[in-house]
Amino acid sequence: MEKPAKVIYLDHAATTAVDPRVVEAMYPYWSERYGNASSIYSLGREAAKAMEDARKTVADILHCEPQEVIFTSCGSESDNLALRGVAFAQRHRGKGRHIITTAIEHHAIGHTCEQLEKYFDFEVTYLPVDQYAMVDPDDVRRAIRKDTILISVMAANNEVGTIQPIAEIGKIAREHGIPFHTDAVQAGGTLPLDVNELQVDLLSLSAHKFYGPKGVGMLYVRKGTPLLPIQTGGGHERQRRAGTENVAGIVGLATALKLAYDHAAENNSRITALREQLIQGVLERIPDAQLTGHPSQRLPNSASFVFKYIEGESILLHLDALGICASSGSACSSGSLEPSHVLLAMGIPPEIAHGSLRLTLGRENTEEDVNYVLEVLPGIVEKLRMMSPLYQKQ
Amino acid sequence: MEYSETVMDHFMNPRNVGVIEDADGVGKKGNPVCGDLMEIFIKVEDERIVDIKFRTFGCGAAIATSSMATEMVKGKTLDEAEELTNRAVAQALGGLPPIKMHCSNLAADAIHTAIADYRRRHNEHKGL
């Protein structure tokens with residue numbers, strides 16, 4: 001098979017290319033309108049205006065007030081601010097030290113919770129998931145204690161694409177008066193983000209997941225939610241996040257988010273169709289392959305699999321040699337010794353979890369891209385299986 | 001993390017892949033739960049490895065080290081092959097990323113296990 005002239009990028013859950021319209025919107029804020037948004041003169045006021053316009057744009061999409069939007073440096077920072085900020089503020093008020101989250105969160109949540117437990121004396125309940133990586137809202141209800149101060153459940157899983165019942169969980173949290181955070185980093189740009197529909201009090205986003213720039217994210221914090229800043233300094237972001245604002249990045253985030261939601265319906269339906277073609281094609285052509293994540297309640301762009309008897313990094317290297325960018329939750333590709341905690345939480349045995357592959361589609365992908373993957377992937381899997389001691393050809 | 005050209009060559013075109021049905025010695029190393037499992041088959045004549053094959057479940061480094069290690073001992077005497085170390089295999093490949101040095105660099109060990117298997121069978125055969 002001839003390697004195509006262009007790279008076929010199927011790792012949009014990792015990051016996306018910045019939309020040229022976003023680059024254009026950001027451009028003046030590097031060298032021309034470079035003012036510090038805190039400065040009183042016109043150059044500063046211009047920067048402040050651009051930032052406040054961006055905040056308004058974001059607030060309209062989230063159906064919240066502009067002052068409820070805090071700009072940050074990335075999704076991980078947003079998650080850290082949500083967890084640490086609420087946990088410390090709540091404990092300071094004597095509300096308790098129990099946090100509820102899930103076994104399948106991104107490490108920005110998972111590792112933060114582990115640190116809060118180990119070094120700061122919080123107690124964390126990690127809720128299990130079913131075979132599709134779905135959280136049961138009843139489990140959330142049952143885990144709530146008198147001293148529960150925060151619930152955090154991701155909107156959609158980054159590895160297997162499963163969309164969580166956020167609104168239902170939000171309703172439960174609200175009934176108990178417990179702040180509810182959702183890490184919507186993977187859902188941003190595709191799923192509806194109306195914070196009132198979702199009944200969330202905090203919501204994290206990262207611009208580079210929806211064709212915006214890297215190095216900028218945001219955290220929605222509902223008015224009245226207790227939050228101790230984790231980065232102290234100047235009075236930026238209404239005393240909630242110190243540091244001179246990344247004006248160009250913030251403009252980029254807002255522009256990208258608006259573009260994403262202006263065209264979400266058409267993009268989602270086109271990409272969902274491609275995803276289904278990809279999933280059906282893989283399952284038809286490759287024996288001992290299994291779709292991971294929920295069959296229908298999944299992100300429009302996410303196709304994830306496990307292939308028995310082989311290891312994920314080997315699949316990625318062969319795909320890369322053919323010009324296809326993809327990712328895997330295998331230990332080797334994650335730079336750790338354990339396979340994906342998400343796949344393990346779903347009950348997939350470790351030796352099978354090592355053989356995972358995630359293909360995440362994006363705006364620029366076409367049917368030809370999908371067909372090319374379907375043409376080359378079965379051969380790669382077969383080649384690796386032929387040299388695997390675990391494989392007995394039927 | 002990046003692999004050397006030699007690693008990629010041995011990964012993309014692995015040498016000595018397969019099974020020897022009437023092998024004189026078989027060695028297994030690793031554990032599929034950890035993501036790496038190697039199986040080495042040797043054919044021995046006059047204390048010399050005349051043929052060697054492998055099958056590996058694992059990452060790029062696991063496959064490349066298997067391929068390189070089999071190349072390094074093919075035609076060698078058993079005593080010479082026993083001298084081979086995992087480190088020497090990694091060096092012959094132009095180095096491996098640090099995280100791969102322990103988990104995926106087991107091919108020399110698997111060869112030693114195959115030789116031990118051969119010696120055990122051979123001694124049993126001689127009634128020792």
# chains A, B, ... in the order shown; residues from 1 in each chain; ligands from 1
>>> residues_around(residues="Gln199 (chain A)", least_positions_apart="6", cutoff="9 Å", atoms="only C-alpha atoms", output="ChimeraX atom specification")
/A:166-171,173-174,180
>>> interface_residues(of="chain A", to="chain B", cutoff="12 Å", atoms="only C-alpha atoms", output="ChimeraX atom specification")
/A:308-322,328-340,344,348-356,380-381,383-392
>>> write_last_selection(atoms="N, CA and C atoms", output="compact mmCIF listing (two decimals), in the first residue's frame")
# COMPACT_ATOMS: atom_id res chain seq x y z
N LYS A 308 -7.33 -8.27 20.46
CA LYS A 308 -6.69 -9.32 21.26
C LYS A 308 -5.36 -9.74 20.66
N TYR A 309 -4.46 -10.20 21.52
CA TYR A 309 -3.18 -10.86 21.19
C TYR A 309 -2.07 -9.92 20.76
N ILE A 310 -2.34 -8.61 20.65
CA ILE A 310 -1.27 -7.71 20.20
C ILE A 310 -1.23 -6.47 21.10
N GLU A 311 -0.19 -5.68 20.93
CA GLU A 311 0.06 -4.55 21.83
C GLU A 311 -0.12 -3.24 21.06
N GLY A 312 -0.67 -2.25 21.74
CA GLY A 312 -1.07 -1.02 21.08
C GLY A 312 0.04 -0.20 20.44
N GLU A 313 1.16 -0.08 21.13
CA GLU A 313 2.23 0.75 20.57
C GLU A 313 2.69 0.22 19.22
N SER A 314 2.74 -1.11 19.11
CA SER A 314 3.14 -1.71 17.84
C SER A 314 2.17 -1.33 16.72
N ILE A 315 0.90 -1.29 17.05
CA ILE A 315 -0.10 -0.88 16.04
C ILE A 315 0.17 0.58 15.63
N LEU A 316 0.42 1.43 16.63
CA LEU A 316 0.65 2.86 16.34
C LEU A 316 1.87 3.06 15.45
N LEU A 317 2.94 2.30 15.71
CA LEU A 317 4.16 2.47 14.91
C LEU A 317 3.91 2.07 13.46
N HIS A 318 3.16 0.99 13.27
CA HIS A 318 2.85 0.58 11.89
C HIS A 318 1.93 1.60 11.21
N LEU A 319 0.96 2.12 11.96
CA LEU A 319 0.07 3.13 11.38
C LEU A 319 0.87 4.38 11.01
N ASP A 320 1.78 4.77 11.91
CA ASP A 320 2.60 5.95 11.66
C ASP A 320 3.44 5.78 10.39
N ALA A 321 3.96 4.56 10.20
CA ALA A 321 4.77 4.29 9.01
C ALA A 321 3.92 4.47 7.74
N LEU A 322 2.62 4.36 7.87
CA LEU A 322 1.72 4.54 6.72
C LEU A 322 1.06 5.92 6.74
N SER A 328 -3.10 5.16 21.72
CA SER A 328 -3.44 3.91 22.40
C SER A 328 -3.35 4.11 23.90
N GLY A 329 -4.07 3.29 24.64
CA GLY A 329 -3.99 3.33 26.10
C GLY A 329 -3.10 2.25 26.64
N SER A 330 -2.23 1.70 25.78
CA SER A 330 -1.33 0.66 26.26
C SER A 330 -0.29 1.27 27.18
N ALA A 331 0.32 0.44 28.01
CA ALA A 331 1.31 0.95 28.96
C ALA A 331 2.44 1.64 28.21
N CYS A 332 2.90 1.00 27.13
CA CYS A 332 4.05 1.51 26.41
C CYS A 332 3.79 2.88 25.80
N SER A 333 2.58 3.06 25.28
CA SER A 333 2.34 4.34 24.61
C SER A 333 2.01 5.43 25.62
N SER A 334 1.66 5.05 26.85
CA SER A 334 1.36 6.08 27.83
C SER A 334 2.59 6.41 28.66
N GLY A 335 3.69 5.70 28.41
CA GLY A 335 4.91 5.98 29.15
C GLY A 335 4.86 5.49 30.58
N SER A 336 3.94 4.58 30.88
CA SER A 336 3.88 4.02 32.22
C SER A 336 4.00 2.51 32.10
N LEU A 337 3.83 1.82 33.20
CA LEU A 337 3.92 0.36 33.13
C LEU A 337 2.54 -0.29 33.14
N GLU A 338 1.53 0.50 33.45
CA GLU A 338 0.17 -0.03 33.54
C GLU A 338 -0.60 0.34 32.28
N PRO A 339 -1.46 -0.56 31.81
CA PRO A 339 -2.34 -0.14 30.72
C PRO A 339 -3.39 0.84 31.25
N SER A 340 -4.15 1.40 30.36
CA SER A 340 -5.14 2.44 30.69
C SER A 340 -6.01 2.12 31.90
N LEU A 344 -9.16 -0.73 32.34
CA LEU A 344 -9.18 -1.65 33.49
C LEU A 344 -10.45 -1.45 34.32
N ILE A 348 -11.88 -4.70 31.48
CA ILE A 348 -11.11 -5.35 30.41
C ILE A 348 -9.82 -5.88 31.02
N PRO A 349 -9.49 -7.17 30.80
CA PRO A 349 -8.27 -7.72 31.40
C PRO A 349 -7.02 -6.99 30.88
N PRO A 350 -5.99 -6.85 31.72
CA PRO A 350 -4.82 -6.08 31.33
C PRO A 350 -4.19 -6.54 30.02
N GLU A 351 -4.10 -7.87 29.80
CA GLU A 351 -3.42 -8.33 28.58
C GLU A 351 -4.19 -7.91 27.33
N ILE A 352 -5.50 -7.68 27.48
CA ILE A 352 -6.29 -7.21 26.33
C ILE A 352 -6.25 -5.68 26.27
N ALA A 353 -6.23 -5.05 27.45
CA ALA A 353 -6.17 -3.58 27.48
C ALA A 353 -4.89 -3.06 26.82
N HIS A 354 -3.83 -3.86 26.83
CA HIS A 354 -2.58 -3.44 26.16
C HIS A 354 -2.79 -3.29 24.65
N GLY A 355 -3.80 -3.94 24.11
CA GLY A 355 -4.01 -3.89 22.67
C GLY A 355 -5.06 -2.87 22.26
N SER A 356 -5.01 -1.68 22.87
CA SER A 356 -6.04 -0.70 22.57
C SER A 356 -5.61 0.28 21.48
N ILE A 380 -2.11 -4.81 9.36
CA ILE A 380 -1.21 -4.52 10.48
C ILE A 380 -1.52 -5.46 11.65
N VAL A 381 -2.81 -5.58 11.95
CA VAL A 381 -3.23 -6.43 13.07
C VAL A 381 -2.81 -7.88 12.79
N LYS A 383 -0.42 -8.99 10.81
CA LYS A 383 1.03 -9.13 10.84
C LYS A 383 1.52 -9.27 12.29
N LEU A 384 1.01 -8.42 13.17
CA LEU A 384 1.43 -8.47 14.57
C LEU A 384 0.94 -9.75 15.26
N ARG A 385 -0.26 -10.18 14.87
CA ARG A 385 -0.77 -11.42 15.48
C ARG A 385 0.06 -12.61 15.06
N MET A 386 0.52 -12.60 13.81
CA MET A 386 1.29 -13.74 13.31
C MET A 386 2.58 -13.91 14.09
N MET A 387 3.07 -12.83 14.70
CA MET A 387 4.28 -12.99 15.48
C MET A 387 4.00 -13.00 16.98
N SER A 388 2.72 -13.11 17.36
CA SER A 388 2.39 -13.10 18.79
C SER A 388 2.25 -14.52 19.33
N PRO A 389 2.93 -14.82 20.43
CA PRO A 389 2.79 -16.15 21.03
C PRO A 389 1.40 -16.39 21.63
N LEU A 390 0.60 -15.34 21.75
CA LEU A 390 -0.74 -15.50 22.33
C LEU A 390 -1.76 -15.91 21.29
N TYR A 391 -1.37 -15.82 20.02
CA TYR A 391 -2.33 -15.98 18.93
C TYR A 391 -2.28 -17.38 18.33
N GLN A 392 -3.44 -18.00 18.24
CA GLN A 392 -3.55 -19.28 17.54
C GLN A 392 -4.49 -19.03 16.37
>>> select_by_dssp(residues="region 121-283 of chain A", states="alpha helix (DSSP H)", output="VMD selection string")
chain A and resid 137 to 143 166 to 175 195 to 198 236 to 239 247 to 262 264 to 283
>>> select_by_dssp(residues="chain B", states="strand (DSSP E)", output="PyMOL selection string")
chain B and resi 25-31+36-45+48-57
>>> closest_residue(among="B:Ile115, B:Ala88, B:Ser4, B:Lys29", to="Val44 (chain B)", atoms="only C-alpha atoms")
B:Ile115
>>> residues_around(residues="Val124 (chain A)", least_positions_apart="5", cutoff="8 Å", atoms="only C-alpha atoms", output="list in words")
His98, Ile99, Ile100, Thr101, Cys113, Glu114 and Glu117 of chain A
